[in-house]
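This is work20.txt (compact mmCIF, C-alpha atoms).
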# COMPACT_ATOMS: atom_id res chain seq x y z
CA MET V 1 -67.57 -14.42 -15.75
CA PHE V 2 -69.26 -17.52 -17.20
CA GLY V 3 -68.33 -21.09 -16.39
CA LYS V 4 -69.57 -24.60 -16.27
CA CYS V 5 -69.97 -26.28 -12.89
CA ILE V 6 -69.76 -30.04 -12.52
CA LYS V 7 -71.10 -31.27 -9.21
CA ASN V 8 -69.55 -34.10 -7.25
CA ARG V 9 -70.22 -35.29 -3.77
CA HIS V 10 -67.59 -33.15 -2.02
CA GLU V 11 -66.28 -30.68 -4.61
CA LYS V 12 -67.13 -28.60 -7.62
CA SER V 13 -64.80 -28.11 -10.59
CA ILE V 14 -65.27 -24.84 -12.45
CA ASN V 15 -63.72 -24.02 -15.84
CA THR V 16 -63.89 -20.27 -16.17
CA SER V 17 -63.72 -18.20 -19.33
CA ASP V 18 -60.27 -16.74 -18.43
CA GLY V 19 -58.63 -20.13 -18.62
CA MET V 20 -58.17 -20.50 -14.87
CA HIS V 21 -58.96 -23.85 -13.37
CA ARG V 22 -60.40 -23.59 -9.89
CA LYS V 23 -61.70 -26.14 -7.45
CA CYS V 24 -64.46 -25.32 -5.02
CA VAL V 25 -64.57 -27.88 -2.27
CA GLY V 26 -67.41 -28.40 0.09
CA SER V 27 -67.34 -28.05 3.83
CA ARG V 28 -65.45 -31.31 4.23
CA GLY V 29 -62.71 -30.50 1.72
CA ILE V 30 -59.89 -27.95 1.40
CA ARG V 31 -60.11 -24.90 -0.79
CA ARG V 32 -57.12 -24.45 -3.14
CA ILE V 33 -56.69 -21.33 -5.25
CA ASN V 34 -53.86 -20.83 -7.79
CA ASN V 35 -52.80 -17.14 -7.32
CA ARG V 36 -49.36 -16.07 -8.67
CA ARG V 37 -49.53 -12.49 -7.47
CA GLY V 38 -49.90 -13.69 -3.92
CA SER V 39 -46.69 -15.75 -4.20
CA TYR V 40 -44.76 -12.69 -5.44
CA LEU V 41 -45.88 -10.72 -2.42
CA VAL V 42 -44.69 -13.47 -0.11
CA GLU V 43 -41.28 -13.62 -1.80
CA ALA V 44 -40.89 -9.84 -1.62
CA ALA V 45 -41.83 -9.84 2.05
CA VAL V 46 -39.06 -12.37 2.69
CA VAL V 47 -36.29 -10.92 0.46
CA ILE V 48 -36.65 -7.15 1.09
CA PRO V 49 -35.72 -7.28 4.81
CA PHE V 50 -32.55 -9.20 3.99
CA PHE V 51 -31.69 -6.66 1.27
CA ILE V 52 -32.16 -3.77 3.69
CA ILE V 53 -29.96 -5.49 6.27
CA ALA V 54 -27.22 -6.07 3.65
CA VAL V 55 -27.27 -2.39 2.62
CA MET V 56 -27.03 -1.29 6.26
CA LEU V 57 -24.06 -3.61 6.84
CA LEU V 58 -22.33 -2.22 3.74
CA ILE V 59 -22.87 1.35 4.93
CA GLY V 60 -21.55 0.43 8.36
CA ILE V 61 -18.38 -1.29 7.12
CA MET V 62 -17.17 1.57 4.88
CA PRO V 63 -16.05 3.82 7.80
CA VAL V 64 -14.27 0.82 9.33
CA ILE V 65 -12.28 0.24 6.14
CA SER V 66 -11.47 3.96 5.94
CA THR V 67 -10.09 4.02 9.50
CA CYS V 68 -7.99 0.90 8.85
CA GLU V 69 -6.52 2.52 5.73
CA ARG V 70 -5.56 5.67 7.63
CA ILE V 71 -3.87 3.63 10.37
CA THR V 72 -1.93 1.67 7.74
CA PHE V 73 -0.88 4.88 6.02
CA ASP V 74 0.49 6.34 9.27
CA VAL V 75 2.50 3.17 9.98
CA CYS V 76 3.85 3.07 6.41
CA GLU V 77 4.92 6.72 6.60
CA GLU V 78 6.92 6.05 9.78
CA MET V 79 8.38 2.92 8.20
CA ARG V 80 9.49 4.92 5.16
CA LEU V 81 11.21 7.53 7.32
CA GLU V 82 12.97 4.85 9.34
CA MET V 83 14.15 3.12 6.15
CA ALA V 84 15.84 6.37 5.07
CA LYS V 85 17.25 7.26 8.49
CA SER V 86 18.69 3.79 9.05
CA ALA V 87 21.50 4.72 6.66
CA VAL V 88 22.87 7.14 9.24
CA ARG V 89 21.78 5.57 12.51
CA SER V 90 20.98 2.24 14.11
CA SER V 91 18.23 2.64 16.69
CA ARG V 92 15.94 -0.34 17.25
CA ALA V 93 13.51 1.56 19.47
CA ALA V 94 12.97 4.56 17.19
CA LEU V 95 10.32 3.07 14.87
CA PRO V 96 8.08 1.43 17.52
CA LEU V 97 8.12 4.61 19.60
CA SER V 98 7.33 6.91 16.66
CA VAL V 99 4.49 4.67 15.45
CA GLN V 100 2.91 4.33 18.90
CA ALA V 101 3.02 8.11 19.31
CA ARG V 102 1.69 9.04 15.86
CA VAL V 103 -1.30 6.75 15.34
CA PRO V 104 -3.29 7.63 18.51
CA ALA V 105 -2.47 11.32 18.03
CA GLU V 106 -3.78 11.46 14.43
CA GLU V 107 -6.66 8.97 14.69
CA SER V 108 -9.14 10.11 17.33
CA LYS V 109 -11.19 6.91 17.05
CA VAL V 110 -8.26 4.71 18.11
CA THR V 111 -8.53 3.85 21.79
CA SER V 112 -5.62 1.41 21.93
CA PHE V 113 -2.54 0.91 19.77
CA ARG V 114 0.53 -1.21 20.44
CA VAL V 115 3.35 -2.89 18.55
CA THR V 116 2.97 -6.66 18.82
CA GLY V 117 6.14 -7.65 16.95
CA PHE V 118 9.27 -5.95 15.66
CA ARG V 119 12.39 -7.15 13.86
CA TYR V 120 15.10 -4.71 12.82
CA ARG V 121 17.64 -5.17 10.03
CA PHE V 122 17.31 -8.94 9.84
CA GLU V 123 18.08 -11.28 6.93
CA GLU V 124 15.56 -13.62 5.33
CA ASP V 125 15.37 -15.42 1.98
CA GLY V 126 18.82 -14.11 1.05
CA THR V 127 17.87 -10.46 1.57
CA GLY V 128 19.31 -8.48 4.47
CA ASP V 129 18.58 -5.13 6.13
CA ARG V 130 14.86 -5.89 6.42
CA ILE V 131 12.46 -4.34 8.92
CA GLU V 132 9.22 -5.96 10.06
CA LEU V 133 6.61 -4.37 12.31
CA LYS V 134 3.37 -5.94 13.56
CA PHE V 135 0.72 -3.90 15.31
CA ARG V 136 -2.75 -4.09 16.81
CA ALA V 137 -5.19 -1.19 16.87
CA VAL V 138 -8.54 -1.03 18.65
CA PHE V 139 -11.10 1.62 17.74
CA HIS V 140 -14.85 2.21 18.01
CA GLU V 141 -17.08 2.87 15.02
CA LYS V 142 -20.73 3.95 15.07
CA THR V 143 -23.08 1.40 13.50
CA PRO V 144 -26.14 2.31 11.37
CA VAL V 145 -28.44 1.61 14.34
CA GLY V 146 -26.63 4.22 16.41
CA ALA V 147 -24.55 1.98 18.65
CA PHE V 148 -20.75 1.93 18.80
CA GLY V 149 -18.97 -1.28 17.86
CA ARG V 150 -15.50 -2.31 18.98
CA ILE V 151 -13.14 -3.08 16.07
CA ARG V 152 -9.76 -4.79 16.38
CA PHE V 153 -7.33 -4.32 13.48
CA ASP V 154 -4.12 -6.38 13.22
CA GLY V 155 -1.51 -5.39 10.63
CA ARG V 156 1.98 -6.27 9.42
CA ILE V 157 4.32 -3.96 7.48
CA GLU V 158 7.70 -4.97 6.06
CA GLY V 159 10.38 -2.94 4.29
CA ARG V 160 14.10 -2.77 3.57
CA THR V 161 16.47 -0.14 4.91
CA PHE V 162 18.40 2.22 2.64
CA THR V 163 21.81 1.20 3.94
CA GLY V 164 23.43 0.81 0.53
CA ALA V 165 24.41 -2.80 1.23
CA TYR V 166 23.25 -3.87 -2.23
CA TYR V 167 25.47 -1.27 -3.92
CA ARG V 168 28.53 -2.16 -1.88
CA GLY V 169 28.90 -5.57 -3.41
CA GLY V 170 25.62 -7.32 -2.62
CA GLY V 171 23.09 -8.59 -5.13
CA ARG V 172 24.13 -10.25 -8.36
CA GLY V 173 27.65 -8.93 -8.62
CA GLY V 174 27.58 -7.17 -11.97
CA GLY V 175 29.71 -4.27 -10.73
CA ILE V 176 28.85 -0.70 -9.79
CA VAL V 177 27.86 1.79 -12.50
CA CYS V 178 26.22 5.23 -12.51
CA ILE V 179 22.87 6.07 -14.09
CA PHE V 180 20.81 9.25 -14.39
CA PRO V 181 17.27 8.24 -13.27
CA LYS V 182 15.69 11.50 -14.50
CA ALA V 183 17.62 11.93 -17.74
CA GLY V 184 19.49 9.65 -20.14
CA ARG V 185 19.32 5.93 -20.86
CA CYS V 186 23.02 5.05 -20.58
CA TYR V 187 25.05 3.71 -17.67
CA HIS V 188 28.47 5.21 -17.01
CA SER V 189 31.64 4.47 -15.15
CA ARG V 190 32.45 6.52 -12.08
CA ALA V 191 35.30 8.25 -13.97
CA CYS V 192 33.10 9.36 -16.88
CA SER V 193 33.12 13.13 -17.50
CA PHE V 194 29.30 13.12 -17.65
CA VAL V 195 29.24 11.79 -14.10
CA LYS V 196 31.87 14.22 -12.76
CA ALA V 197 29.96 17.20 -14.11
CA ASN V 198 26.77 16.35 -12.20
CA CYS V 199 25.76 15.75 -8.60
CA HIS V 200 25.21 12.55 -6.71
CA GLN V 201 22.14 11.63 -4.67
CA THR V 202 22.84 10.55 -1.11
CA PHE V 203 21.31 10.81 2.36
CA LEU V 204 22.18 13.46 4.89
CA SER V 205 24.50 12.07 7.56
CA GLU V 206 27.07 13.42 9.98
CA GLU V 207 29.80 12.64 7.45
CA ILE V 208 28.01 14.74 4.80
CA ARG V 209 27.67 17.59 7.30
CA ARG V 210 31.40 17.43 8.02
CA ARG V 211 32.48 17.33 4.38
CA TYR V 212 30.01 19.86 2.95
CA ARG V 213 28.21 22.98 4.07
CA PRO V 214 24.45 23.49 3.51
CA CYS V 215 23.48 25.41 0.40
CA PRO V 216 22.13 28.85 1.44
CA ASN V 217 19.99 29.22 -1.70
CA CYS V 218 17.76 26.19 -1.05
CA ARG V 219 18.13 26.36 2.76
CA ALA V 220 19.53 22.85 2.96
CA GLY V 221 20.55 23.51 6.55
CA LYS V 222 16.95 22.84 7.64
CA ALA V 223 17.07 19.27 6.31
CA SER V 224 16.93 16.54 8.96
CA ALA V 225 19.18 13.50 9.20
CA GLY V 226 18.30 10.85 6.64
CA SER V 227 16.80 13.28 4.14
CA PRO V 228 17.84 12.87 0.48
CA VAL V 229 20.40 15.50 -0.54
CA PHE V 230 22.63 16.10 -3.56
CA VAL V 231 26.36 16.79 -3.63
CA PHE V 232 29.02 17.42 -6.28
CA GLU V 233 31.63 15.06 -4.85
CA ASP V 234 34.54 16.19 -7.02
CA THR V 235 33.93 19.90 -7.44
CA GLY V 236 31.24 20.98 -4.95
CA ARG V 237 31.54 22.27 -1.39
CA ALA V 238 27.85 22.24 -0.43
CA TYR V 239 24.95 19.83 -0.25
CA HIS V 240 21.65 20.76 -1.87
CA LEU V 241 17.96 19.87 -1.74
CA ALA V 242 16.05 18.50 -4.72
CA GLY V 243 14.45 21.86 -5.55
CA CYS V 244 17.75 23.75 -5.71
CA SER V 245 18.60 25.42 -9.02
CA ALA V 246 22.03 23.79 -8.91
CA VAL V 247 20.43 20.33 -9.16
CA SER V 248 19.57 19.96 -12.81
CA ARG V 249 20.77 16.39 -13.27
CA TYR V 250 21.92 13.87 -10.71
CA TYR V 251 23.17 10.30 -10.79
CA ILE V 252 22.89 7.29 -8.51
CA GLU V 253 25.03 4.19 -8.22
CA THR V 254 23.53 0.81 -8.99
CA ASP V 255 24.46 -2.70 -10.08
CA LYS V 256 25.28 -3.09 -13.77
CA ASN V 257 22.97 -6.11 -14.21
CA GLN V 258 20.09 -4.19 -12.72
CA ALA V 259 20.77 -1.22 -15.01
CA VAL V 260 20.75 -3.51 -18.06
CA GLU V 261 17.43 -5.06 -16.96
CA LYS V 262 15.92 -1.58 -16.80
CA GLY V 263 16.95 -0.86 -20.39
CA TYR V 264 20.15 1.16 -19.87
CA THR V 265 22.91 0.78 -22.45
CA PRO V 266 26.69 1.41 -22.15
CA CYS V 267 27.88 4.98 -22.47
CA GLY V 268 29.48 5.60 -25.85
CA LYS V 269 32.23 7.67 -24.24
CA CYS V 270 33.38 5.63 -21.24
CA GLY V 271 31.91 2.24 -22.16
CA GLY V 272 30.13 1.97 -18.84
CA VAL V 273 32.90 -0.08 -17.26
CA PRO V 274 31.87 -0.83 -13.65
CA ARG V 275 33.95 0.46 -10.78
CA GLY V 276 36.71 -1.95 -9.86
CA VAL V 277 36.68 -3.67 -13.28
CA SER V 278 39.54 -2.90 -15.64
CA GLN V 279 38.63 -2.34 -19.26
CA GLN V 280 40.32 -4.84 -21.57
CA LYS V 281 41.71 -3.52 -24.83
CA GLY V 282 41.41 -5.92 -27.73
CA GLY V 283 44.03 -6.12 -30.46
CA ALA V 284 43.44 -6.25 -34.16

Represent the structure of the file as structure tokens.
Amino acid sequence: MFGKCIKNRHEKSINTSDGMHRKCVGSRGIRRINNRRGSYLVEAAVVIPFFIIAVMLLIGIMPVISTCERITFDVCEEMRLEMAKSAVRSSRAALPLSVQARVPAEESKVTSFRVTGFRYRFEEDGTGDRIELKFRAVFHEKTPVGAFGRIRFDGRIEGRTFTGAYYRGGGRGGGIVCIFPKAGRCYHSRACSFVKANCHQTFLSEEIRRRYRPCPNCRAGKASAGSPVFVFEDTGRAYHLAGCSAVSRYYIETDKNQAVEKGYTPCGKCGGVPRGVSQQKGGA
């Protein structure tokens, strides 16, 4: 490397052939060297530890999220069952007890679980038959460094019971019609021959047990209270499960305005006149 050195009293300035400008200072001065590769090493030494810590935190939080999801699923499953069973019973203590028994039994990491708030079949914002359950779960999760951390998970689940209150005159008052959710795009009156020839979806209650016998082909007698079953109200003598060969088409009752919003059109045979509404005959 060739360069030209200019001498001063305390420093030397050297212009080298590679274009670098360097200053060589005497014993009384300070030596300054412009080195970019050295600055990259310093930045990497600072950033890489933080990156490693972030990755370890991400790895550690994934099992926590998984456990919280499983706890929420267990609570939602019990809420769903209670929403169906509430049509045939009214037990305020059933849901809290079932949830507090299920979660610790299925989640081995949970060390503490309790219901912190519960409201049953209350009305809010113009909607009745609502259920709200608040809970707190405590569990321990192993961290990437090998220690166990204590996690507290607070949750809130809300649903609406299947009591049929909306179909018995609640909602927007368009009248009650029948639709086939699995087949057909028309809504019918209760007296329509299409409706009478098919079964109706309902929930198993003591009244259903009294009026109908369980179907022996699908073993409907093993169904528990609150389970969805299907009956031929006008011609049948038994209640069936969804997988029974007798259940090819079934109808449910709903509000006419809701059926129209979902795209259903009036039946060409019965006109889809809602129950309790007389059909007016126009004159020429």

Mind giving me the straight-line distance from atom CA of Arg70 of chain V to atom CA of Ser224 of chain V in Å, one decimal?
25.0 Å

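Every protein, DNA or RNA residue with an atom at most 9 Å from Phe232 of chain V, where all atoms listed in the file count and chain neighbours fewer than 4 positions away do not, is listed here: Lys196, Ala197, Asn198, Cys199, His200, Gly236, Arg237, Ala238 and Tyr239 of chain V.
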
Edge lengths and centre in Å to one decimal, as lines of an AutoDock Vina configuration file, of the axis-aligned box that encloses all listed atoms of segment 95-107 of chain V with 3 Å added on every side?
center_x = 1.8
center_y = 6.4
center_z = 17.0
size_x = 23.0
size_y = 16.0
size_z = 11.2

Straight-line distance linking atom CA of Val103 of chain V with atom CA of Met83 of chain V, stated in Å to one decimal:
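Separation of atom CA of Val103 of chain V and atom CA of Met83 of chain V: 18.3 Å.
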